[in-house]
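S.K.: Pasting coords16.cif below, which is mmCIF, C-alpha atoms.
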```
data_input
#
loop_
_atom_site.label_atom_id
_atom_site.label_comp_id
_atom_site.auth_asym_id
_atom_site.auth_seq_id
_atom_site.Cartn_x
_atom_site.Cartn_y
_atom_site.Cartn_z
CA MET A 289 3.67 18.15 -39.05
CA GLU A 290 2.18 17.82 -42.50
CA SER A 291 -1.28 17.28 -41.17
CA PHE A 292 -0.89 20.42 -39.12
CA SER A 293 -0.46 22.74 -42.11
CA GLN A 294 -3.09 20.79 -43.98
CA HIS A 295 -5.74 21.15 -41.32
CA TYR A 296 -4.71 24.42 -39.86
CA PRO A 297 -4.03 27.00 -42.54
CA PRO A 298 -1.58 29.64 -41.48
CA PHE A 299 -3.96 32.52 -42.09
CA LYS A 300 -6.36 31.17 -39.52
CA ARG A 301 -6.05 32.83 -36.16
CA PHE A 302 -4.11 31.05 -33.49
CA ALA A 303 -6.65 31.13 -30.76
CA ASP A 304 -5.54 29.12 -27.77
CA ARG A 305 -4.07 25.86 -26.76
CA GLY A 306 -7.47 24.37 -25.99
CA HIS A 307 -8.68 25.22 -29.46
CA LEU A 308 -5.66 23.66 -31.11
CA HIS A 309 -5.93 20.69 -28.86
CA ARG A 310 -9.60 20.16 -29.71
CA GLU A 311 -9.05 20.61 -33.41
CA LEU A 312 -5.89 18.63 -33.82
CA GLY A 313 -5.71 16.44 -30.76
CA LEU A 314 -2.15 17.59 -30.17
CA HIS A 315 -0.30 18.14 -26.97
CA LEU A 316 0.84 21.75 -27.15
CA GLU A 317 2.73 24.06 -24.91
CA PHE A 318 1.36 27.56 -25.07
CA VAL A 319 3.72 30.49 -25.14
CA HIS A 320 2.16 33.35 -23.26
CA LEU A 321 1.98 36.62 -25.04
CA ALA A 322 3.11 39.81 -23.41
CA PRO A 323 -0.10 41.18 -21.87
CA ASP A 324 -0.13 44.50 -23.71
CA ARG A 325 0.23 42.79 -27.06
CA SER A 326 -2.60 40.47 -26.24
CA LYS A 327 -4.82 43.40 -25.39
CA LEU A 328 -3.91 45.34 -28.48
CA ASN A 329 -3.82 42.65 -31.04
CA GLY A 330 -5.59 39.68 -29.60
CA ASN A 331 -3.65 36.64 -30.58
CA VAL A 332 -2.70 37.84 -34.04
CA HIS A 333 0.71 39.24 -34.66
CA HIS A 334 1.32 42.20 -36.90
CA GLY A 335 4.75 43.02 -38.10
CA VAL A 336 7.66 40.70 -38.37
CA GLY A 337 7.35 37.63 -36.26
CA ALA A 338 7.17 33.91 -36.59
CA HIS A 339 5.22 30.95 -35.41
CA VAL A 340 7.31 27.97 -34.53
CA PHE A 341 6.12 24.43 -34.19
CA SER A 342 8.37 21.63 -33.26
CA LYS A 343 8.32 18.20 -31.78
CA GLY A 344 7.64 18.44 -28.07
CA VAL A 345 8.80 16.42 -25.15
CA ARG A 346 6.32 13.60 -25.52
CA GLY A 347 6.04 13.56 -29.27
CA GLY A 348 3.41 16.29 -29.46
CA LEU A 349 4.06 19.62 -31.04
CA ARG A 350 5.56 22.46 -29.11
CA TRP A 351 4.92 25.91 -30.45
CA GLY A 352 5.92 29.44 -29.91
CA HIS A 353 5.09 32.63 -31.72
CA GLY A 354 5.62 36.34 -31.69
CA SER A 355 8.30 38.90 -31.94
CA LEU A 356 11.44 39.53 -29.96
CA ARG A 357 9.55 40.54 -26.84
CA ASP A 358 7.34 37.49 -26.88
CA TYR A 359 10.31 35.27 -27.35
CA SER A 360 12.18 36.82 -24.49
CA VAL A 361 9.13 35.99 -22.35
CA ALA A 362 9.00 32.53 -23.87
CA GLY A 363 12.71 32.02 -23.35
CA SER A 364 12.44 32.85 -19.68
CA ARG A 365 9.82 30.12 -19.41
CA GLY A 366 12.08 27.60 -21.04
CA LEU A 367 10.23 27.61 -24.31
CA PRO A 368 11.53 28.24 -27.81
CA CYS A 369 13.74 31.26 -27.77
CA LEU A 370 14.10 33.25 -30.98
CA SER A 371 14.65 36.79 -32.00
CA ASP A 372 13.47 38.73 -35.04
CA SER A 373 16.84 38.72 -36.67
CA ASP A 374 16.99 34.99 -36.23
CA HIS A 375 13.66 34.61 -37.97
CA ARG A 376 15.01 36.50 -40.91
CA ARG A 377 18.02 34.27 -41.04
CA SER A 378 15.68 31.32 -40.66
CA SER A 379 17.83 29.98 -37.93
CA LEU A 380 16.97 28.70 -34.53
CA TYR A 381 18.73 28.63 -31.25
CA ARG A 382 19.46 25.21 -30.03
CA ASN A 383 17.07 25.12 -27.15
CA GLU A 384 16.94 22.05 -24.98
CA ALA A 385 13.39 22.71 -23.88
CA LEU A 386 12.39 22.85 -27.52
CA ASN A 387 14.40 19.88 -28.55
CA PRO A 388 15.34 17.97 -25.43
CA ALA A 389 16.81 14.94 -27.06
CA PHE A 390 18.83 16.96 -29.56
CA GLU A 391 17.40 14.92 -32.33
CA PRO A 392 16.81 16.60 -35.65
CA THR A 393 13.45 18.28 -35.36
CA SER A 394 11.22 19.65 -38.07
CA VAL A 395 10.24 23.21 -37.40
CA ILE A 396 7.62 25.12 -39.34
CA PHE A 397 8.24 28.83 -39.53
CA LEU A 398 5.19 30.85 -40.46
CA ILE A 399 6.51 34.28 -41.23
CA PRO A 400 3.98 37.04 -41.97
CA ALA A 401 5.26 38.28 -45.31
CA LYS A 402 2.59 40.95 -45.64
CA PRO A 403 1.22 42.12 -42.34
CA PHE A 404 -2.56 42.65 -42.21
CA LEU A 405 -3.10 40.65 -45.38
CA HIS A 406 -2.50 37.27 -43.77
CA VAL A 407 0.06 36.31 -46.35
CA TYR A 408 2.53 34.00 -44.75
CA LEU A 409 5.76 32.51 -45.85
CA ILE A 410 6.02 28.91 -44.74
CA ILE A 411 9.46 27.49 -44.22
CA VAL A 412 9.94 23.97 -43.00
CA ILE A 413 13.40 23.31 -41.70
CA THR A 414 14.94 20.36 -40.03
CA ILE A 415 17.24 21.73 -37.41
CA LYS A 416 19.88 20.10 -35.36
CA ASN A 417 22.41 22.36 -33.78
CA CYS A 418 22.22 25.96 -34.87
CA TYR A 419 23.36 27.69 -31.73
CA ASP A 420 24.77 26.32 -28.56
CA LEU A 421 22.85 27.62 -25.61
CA VAL A 422 23.54 24.61 -23.43
CA LYS A 423 25.31 26.66 -20.83
CA MET A 424 22.41 29.06 -20.50
CA ASP A 425 19.91 26.25 -20.09
CA THR A 426 22.12 24.40 -17.66
CA LEU A 427 22.31 27.49 -15.48
CA LYS A 428 18.56 27.83 -15.63
CA ILE A 429 18.10 24.22 -14.51
CA LEU A 430 20.67 24.64 -11.73
CA GLU A 431 18.67 27.63 -10.53
CA MET A 432 15.53 25.52 -10.67
CA ILE A 433 17.20 22.81 -8.58
CA LYS A 434 18.10 25.41 -5.97
CA ASN A 435 14.52 26.62 -5.85
CA THR A 436 12.95 23.19 -5.57
CA GLU A 437 11.46 22.28 -2.27
CA PHE A 438 11.73 18.52 -1.77
CA PRO A 439 15.15 16.84 -1.58
CA LEU A 440 14.22 13.87 -3.77
CA ARG A 441 13.01 16.17 -6.53
CA ARG A 442 16.20 18.22 -6.30
CA GLN A 443 18.14 15.00 -6.65
CA LEU A 444 16.07 13.85 -9.62
CA LEU A 445 16.50 17.19 -11.37
CA THR A 446 20.24 16.97 -10.85
CA VAL A 447 20.40 13.47 -12.32
CA GLY A 448 18.11 14.61 -15.14
CA LEU A 449 20.54 17.38 -16.01
CA ILE A 450 23.53 15.03 -15.86
CA THR A 451 21.68 12.50 -18.02
CA ARG A 452 20.96 15.12 -20.63
CA LEU A 453 24.54 16.35 -20.74
CA LEU A 454 25.79 12.78 -21.08
CA LYS A 455 23.31 12.00 -23.84
CA GLU A 456 24.50 15.08 -25.69
CA LYS A 457 27.93 13.51 -25.73
CA GLY A 458 26.40 10.37 -27.16
CA LYS A 459 26.70 8.48 -23.88
CA LYS A 460 24.22 6.26 -22.08
CA ALA A 461 22.07 7.45 -19.20
CA PRO A 462 23.34 6.76 -15.67
CA VAL A 463 21.12 4.63 -13.45
CA ILE A 464 20.04 5.83 -10.01
CA ILE A 465 20.62 3.16 -7.38
CA GLY A 466 20.85 2.98 -3.60
CA GLY A 467 19.10 5.27 -1.14
CA CYS A 468 17.94 7.74 -3.77
CA ALA A 469 16.15 4.92 -5.63
CA LEU A 470 14.59 3.81 -2.34
CA SER A 471 13.51 7.38 -1.69
CA TYR A 472 11.79 7.40 -5.09
CA TYR A 473 10.00 4.07 -4.74
CA SER A 474 8.97 4.82 -1.16
CA ARG A 475 7.70 8.22 -2.38
CA GLU A 476 9.93 10.09 0.05
CA VAL A 477 9.11 7.96 3.10
CA TYR A 478 12.83 7.25 3.12
CA PHE A 479 15.37 10.00 2.62
CA THR A 480 19.03 10.02 1.73
CA THR A 481 21.58 12.81 1.40
CA ASP A 482 23.64 11.51 -1.48
CA ILE A 483 22.87 10.23 -4.93
CA ASP A 484 24.31 6.88 -5.98
CA LEU A 485 24.73 6.28 -9.69
CA ALA A 486 25.66 3.20 -11.66
CA TYR A 487 27.76 4.30 -14.59
CA ALA A 488 30.48 2.65 -16.61
CA GLU A 489 32.09 5.57 -18.42
CA ARG A 490 33.69 7.35 -15.50
CA GLU A 491 35.62 9.86 -17.56
CA ALA A 492 32.52 11.15 -19.31
CA LEU A 493 30.61 11.31 -16.03
CA ASP A 494 33.46 13.13 -14.29
CA SER A 495 33.73 15.72 -17.04
CA VAL A 496 29.96 16.36 -17.00
CA LEU A 497 29.94 16.70 -13.20
CA LYS A 498 32.85 19.13 -13.40
CA SER A 499 31.11 21.17 -16.09
CA VAL A 500 28.08 21.78 -13.87
CA GLY A 501 30.14 22.79 -10.85
CA PHE A 502 30.71 19.56 -8.88
CA GLN A 503 34.06 19.08 -7.16
CA LYS A 504 35.62 15.78 -6.19
CA LYS A 505 35.90 15.37 -2.42
CA GLY A 506 36.97 11.91 -1.33
CA ARG A 507 34.67 9.42 -2.99
CA TYR A 508 31.94 12.01 -3.52
CA TRP A 509 31.35 14.66 -6.12
CA VAL A 510 30.01 17.64 -4.19
CA HIS A 511 28.20 20.74 -5.39
CA GLU A 512 28.56 23.48 -2.77
CA GLY A 513 25.80 25.68 -4.16
CA LEU A 514 23.25 22.90 -4.44
CA LYS A 515 24.41 21.11 -1.29
CA MET A 516 24.39 17.87 -3.22
CA ALA A 517 26.69 14.85 -3.16
CA ILE A 518 27.00 12.25 -5.89
CA GLU A 519 28.80 8.95 -5.82
CA ALA A 520 29.21 6.37 -8.55
CA PRO A 521 29.98 3.21 -6.56
CA VAL A 522 29.33 0.68 -9.33
CA SER A 523 29.97 0.80 -13.02
CA LYS A 524 26.76 -0.92 -14.10
CA LEU A 525 23.76 -2.85 -12.93
CA ALA A 526 24.49 -6.50 -12.29
CA GLU A 527 22.96 -7.70 -15.53
CA GLU A 528 22.17 -6.16 -18.86
CA GLU A 529 18.55 -7.33 -18.72
CA SER A 530 17.96 -5.68 -15.36
CA PRO A 531 14.68 -3.78 -15.60
CA VAL A 532 14.74 -0.02 -15.09
CA GLU A 533 12.12 2.68 -14.67
CA ILE A 534 12.07 6.03 -16.47
CA ILE A 535 11.17 9.20 -14.60
CA GLU A 536 10.11 12.33 -16.43
CA ILE A 537 10.66 15.50 -14.48
CA GLY A 538 9.68 18.27 -16.88
CA GLU A 539 11.90 20.65 -18.84
CA GLY A 540 12.57 17.72 -21.13
CA LEU A 541 14.59 16.00 -18.40
CA GLN A 542 14.52 12.28 -17.74
CA CYS A 543 16.14 9.96 -15.22
CA THR A 544 16.70 6.24 -15.34
CA ILE A 545 16.28 4.39 -12.07
CA ILE A 546 17.00 0.84 -10.99
CA GLY A 547 14.02 -1.52 -11.24
CA ILE A 548 12.04 -2.19 -8.08
CA GLU A 549 13.05 -5.89 -8.11
CA ASP A 550 16.79 -5.15 -8.00
CA LEU A 551 16.23 -2.57 -5.30
CA ILE A 552 14.37 -5.14 -3.18
CA ILE A 553 17.21 -7.64 -3.66
CA ALA A 554 19.79 -5.02 -2.57
CA ARG A 555 17.75 -4.17 0.54
CA LEU A 556 17.15 -7.85 1.32
CA ASN A 557 20.90 -8.35 1.23
CA ALA A 558 21.41 -5.51 3.73
CA CYS A 559 18.58 -6.91 5.85
CA LYS A 560 20.08 -10.40 5.94
CA HIS A 561 23.82 -9.90 5.89
CA TRP A 562 24.14 -6.56 7.70
CA LYS A 563 21.17 -7.16 9.99
CA SER A 564 20.00 -3.68 9.03
CA GLU A 565 16.56 -3.29 10.53
CA ILE A 566 15.62 -0.22 8.49
CA ASP A 567 16.30 -2.20 5.30
CA CYS A 568 14.07 -5.04 6.51
CA GLU A 569 11.29 -2.52 7.16
CA MET A 570 11.77 -0.94 3.75
CA VAL A 571 11.56 -4.33 2.03
CA GLU A 572 8.25 -4.92 3.77
CA LEU A 573 6.96 -1.49 2.78
CA LEU A 574 7.98 -1.93 -0.86
CA MET A 575 6.52 -5.42 -1.05
CA HIS A 576 3.21 -4.22 0.36
CA ARG A 577 3.02 -1.39 -2.13
CA TYR A 578 4.33 -3.16 -5.24
CA PHE A 579 3.21 -6.74 -4.59
CA ASN A 580 1.06 -6.95 -7.73
CA ASN A 581 3.52 -5.04 -9.93
CA LEU A 582 6.59 -7.11 -9.20
CA ASP A 583 8.16 -9.42 -11.76
CA TRP A 584 8.18 -12.37 -9.35
CA SER A 585 10.00 -14.81 -11.62
CA TYR A 586 12.89 -12.31 -12.08
CA LEU A 587 12.87 -11.50 -8.38
CA GLU A 588 13.02 -15.14 -7.29
CA LYS A 589 15.65 -16.02 -9.88
CA LYS A 590 17.79 -13.12 -8.67
CA ALA A 591 17.25 -13.90 -4.99
CA ALA A 592 18.36 -17.52 -5.50
CA LYS A 593 21.71 -16.55 -7.05
CA PRO A 594 24.65 -17.55 -4.82
CA GLN A 595 25.95 -13.97 -4.54
CA ASN A 596 22.60 -12.92 -3.07
CA ASP A 597 21.30 -16.04 -1.35
CA VAL A 598 18.17 -14.34 -0.04
CA LEU A 599 15.45 -16.55 -1.51
CA SER A 600 14.22 -17.87 1.84
CA GLU A 601 14.04 -14.30 3.22
CA LEU A 602 12.16 -13.19 0.14
CA GLN A 603 9.65 -16.00 0.55
CA GLU A 604 9.26 -15.17 4.22
CA PHE A 605 8.45 -11.53 3.38
CA LYS A 606 6.08 -12.70 0.67
CA ARG A 607 4.21 -14.85 3.16
CA ARG A 608 4.00 -11.97 5.65
CA VAL A 609 2.63 -9.57 3.05
CA GLN A 610 0.10 -12.10 1.75
CA SER A 611 -1.15 -12.83 5.23
CA MET B 969 30.27 33.93 34.88
CA LYS B 970 28.48 34.67 31.66
CA LYS B 971 26.66 31.69 30.21
CA ARG B 972 27.77 31.08 26.67
CA VAL B 973 25.09 29.99 24.28
CA LYS B 974 26.36 28.52 21.06
CA LYS B 975 24.74 30.15 18.09
CA TYR B 976 22.62 27.80 16.01
CA GLU B 977 24.10 27.18 12.61
CA GLU B 978 22.23 25.48 9.86
CA ARG B 979 24.46 22.83 8.37
CA SER B 980 23.87 20.88 5.23
CA PRO B 981 23.64 17.08 5.51
CA VAL B 982 26.34 16.91 2.82
CA GLU B 983 28.82 18.49 5.26
CA PHE B 984 28.13 15.69 7.72
CA LEU B 985 28.42 13.12 4.99
CA LEU B 986 31.90 14.42 4.17
CA LEU B 987 32.83 14.69 7.81
CA ARG B 988 31.77 11.09 8.41
CA GLU B 989 33.86 9.96 5.49
CA LYS B 990 36.84 11.95 6.74
CA LEU B 991 36.54 10.37 10.19
CA GLY B 992 36.11 6.92 8.67
CA ILE B 993 32.63 6.43 10.11
CA LYS B 994 30.70 4.05 7.91
CA ARG B 995 26.98 3.97 7.29
CA TYR B 996 24.97 3.62 10.47
CA ARG B 997 22.81 0.53 10.37
CA LYS B 998 20.23 0.21 13.06
CA THR B 999 20.13 -3.44 14.05
CA ALA B 1000 17.83 -3.31 17.09
CA LYS B 1001 14.39 -4.69 16.29
CA ARG B 1002 11.49 -2.31 16.55
CA ASP B 1003 8.47 -3.13 18.66
CA GLU B 1004 6.09 -5.16 16.46
CA GLU B 1005 3.12 -2.87 17.10
CA LYS B 1006 5.14 0.27 16.33
CA ARG B 1007 6.43 -1.37 13.18
CA LYS B 1008 2.88 -2.11 12.05
CA ILE B 1009 1.75 1.49 12.67
CA LEU B 1010 4.76 2.88 10.82
CA LEU B 1011 4.13 0.54 7.91
CA GLU B 1012 0.52 1.73 7.63
CA LEU B 1013 1.60 5.36 7.85
CA GLY B 1014 4.20 4.76 5.16
CA LEU B 1015 1.69 3.11 2.84
CA ARG B 1016 -0.78 5.94 3.39
CA LYS B 1017 1.91 8.52 2.58
CA ILE B 1018 2.82 6.64 -0.60
CA GLU B 1019 -0.83 6.58 -1.65
CA GLU B 1020 -1.23 10.31 -1.07
CA LYS B 1021 1.93 11.21 -2.94
CA GLU B 1022 1.01 9.01 -5.88
CA LYS B 1023 -2.29 10.85 -6.28
CA ASP B 1024 -0.73 14.17 -7.20
CA ASP B 1025 3.03 14.06 -7.54
CA PHE B 1026 4.07 10.69 -8.98
CA ILE B 1027 1.90 10.33 -12.04
CA PRO B 1028 2.07 7.05 -13.99
CA LEU B 1029 2.69 7.53 -17.71
CA GLY B 1030 3.00 3.92 -18.77
CA TYR B 1031 4.81 0.70 -17.97
CA ARG B 1032 7.69 1.57 -15.63
CA ARG B 1033 7.41 5.23 -16.53
CA ARG B 1034 6.27 8.05 -14.26
CA LYS B 1035 6.25 11.80 -14.16
CA VAL B 1036 7.38 13.45 -10.96
CA LYS B 1037 5.92 16.88 -10.34
CA ILE B 1038 8.48 19.47 -9.35
CA THR B 1039 7.31 22.03 -6.83
CA PRO B 1040 9.29 25.26 -6.55
CA ALA B 1041 9.95 26.47 -3.01
CA LYS B 1042 7.62 29.21 -1.78
#
```
Spit out the file's structure as structure tokens when you get a sec.
M.R.:
Amino acid sequence: MESFSQHYPPFKRFADRGHLHRELGLHLEFVHLAPDRSKLNGNVHHGVGAHVFSKGVRGGLRWGHGSLRDYSVAGSRGLPCLSDSDHRRSSLYRNEALNPAFEPTSVIFLIPAKPFLHVYLIIVITIKNCYDLVKMDTLKILEMIKNTEFPLRRQLLTVGLITRLLKEKGKKAPVIIGGCALSYYSREVYFTTDIDLAYAEREALDSVLKSVGFQKKGRYWVHEGLKMAIEAPVSKLAEEESPVEIIEIGEGLQCTIIGIEDLIIARLNACKHWKSEIDCEMVELLMHRYFNNLDWSYLEKKAAKPQNDVLSELQEFKRRVQS
Amino acid sequence: MKKRVKKYEERSPVEFLLLREKLGIKRYRKTAKRDEEKRKILLELGLRKIEEKEKDDFIPLGYRRRKVKITPAK
């Protein structure tokens, strides 16, 4: 943030994202200006407005600028949402897209003190929670889930939203297991209707699910509008050191998913003990695809455990894939 | 006698999931072995689909970290 104001004086025109990227090497999200303003004023704002820079999703800076109208456009795109009066109060809406992890974020306000003379007032504030717009953002994400085409991506968005709401409460992220995890690792070759989560703190999970419109029906939590079912069959992964994978799905949302090794072990179990042919086929598919990425020592150690007892099957699959 | 044609209703898979649970029907596990040749073809098709999807929609970001592209419905 310091280097930004050092290398990019506020009176310099804010040209475009590419320009900023070239000059500063920063990942930036560009807030589109309302077209008529762009035509009239180029990219320079006259009158009361502000330029906002904050830490973005992947550690880069996220920025927004303009007046009320620009911010209403920006807000509808999930970017920083401010109004003129808020600039004057030097306050900022708590916006999840702006600050997805809800960590304190430094924001630079560049407020044109004297329009046309390029005199700016620079205010650097560390914000945490100024306004609570969680509900608004949640509704926006729920709408996005509805409008998303592929089932796996709808499921990931849903888990991403739940993860974020849990993290806001200071809780850990749930881990996607079961068919949904298989659907992810098989890149949608396999499909499942429900989402299985491993999560220990049931009360927190239940309250989050309720808050986004899920209802308990039997062992499932069902969302009528999204046509989505969630189940939390286990409280945690078998071991603390179990590897996981992180999925980023935009809008500052993240999911945690069971590691490929544990998924293979689960499917090997179904293949051996339940004689489930589809699980045998999926093990073969996953082993072909991930053969060189697998942590073989972990996999073999896990397969040899008495509760699994699938080491010989694992070795058989390994031989088949190698041949 | 007038032939009655039942109107097609689009049902969500979640409804069936709940119905199955209500009726006490557990997960269906296909146990019959597939023809070896068919299995091979399906495996190749699956691997090809994975490869295609990974090109555009499942972008690696680092060790055990990926970005999944979200496509809004048309």
S.K.: Apply the PyMOL selection byres ((chain B and resi 992-1008) around 9) to the structure shown and report the selected residues as a list in words.
M.R.: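 Here the PyMOL selection byres ((chain B and resi 992-1008) around 9) matches Trp562, Lys563, Ser564, Glu565, Ile566, Asp567 and Glu569 of chain A; Leu987, Arg988, Glu989, Lys990, Leu991, Ile1009, Leu1010, Leu1011, Glu1012 and Leu1013 of chain B.
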S.K.: By how many Å are CA of Lys504 in chain A and CA of Gly547 in chain A apart?
M.R.: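 So the answer is 28.1 Å.
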S.K.: What are the residues of chain A lining chain B at 9 Å or less? Count all atoms listed in the file, and put the answer as a VMD selection string.
M.R.: chain A and resid 432 to 438 441 to 442 444 to 445 473 to 477 481 to 482 505 to 508 510 512 515 to 517 531 to 538 547 562 to 567 569 to 570 572 to 574 576 to 577
S.K.: Here is a test: counting all atoms listed in the file, which residue of A:Asp425, A:Glu539, A:Glu588, A:Asp494 is nearest to Ile518 in chain A?
M.R.: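 So, comparing all the options, the nearest one is A:Asp494.
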S.K.: CA of Ala591 in chain A to CA of Lys560 in chain A: how many Å, to one decimal?
M.R.: 11.8 Å
S.K.: Spell out the residues picked by the PyMOL selection byres ((chain A and resi 557) around 12) here, as a PyMOL selection string.
M.R.: chain A and resi 550-556+558-565+567-568+571+590-602
S.K.: In Å, rounded to a single decimal, give me how far CA of Thr426 in chain A is from CA of Pro439 in chain A.
M.R.: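 Taking CA of Pro439 in chain A as the start and CA of Thr426 in chain A as the end point, the length is 19.1 Å.
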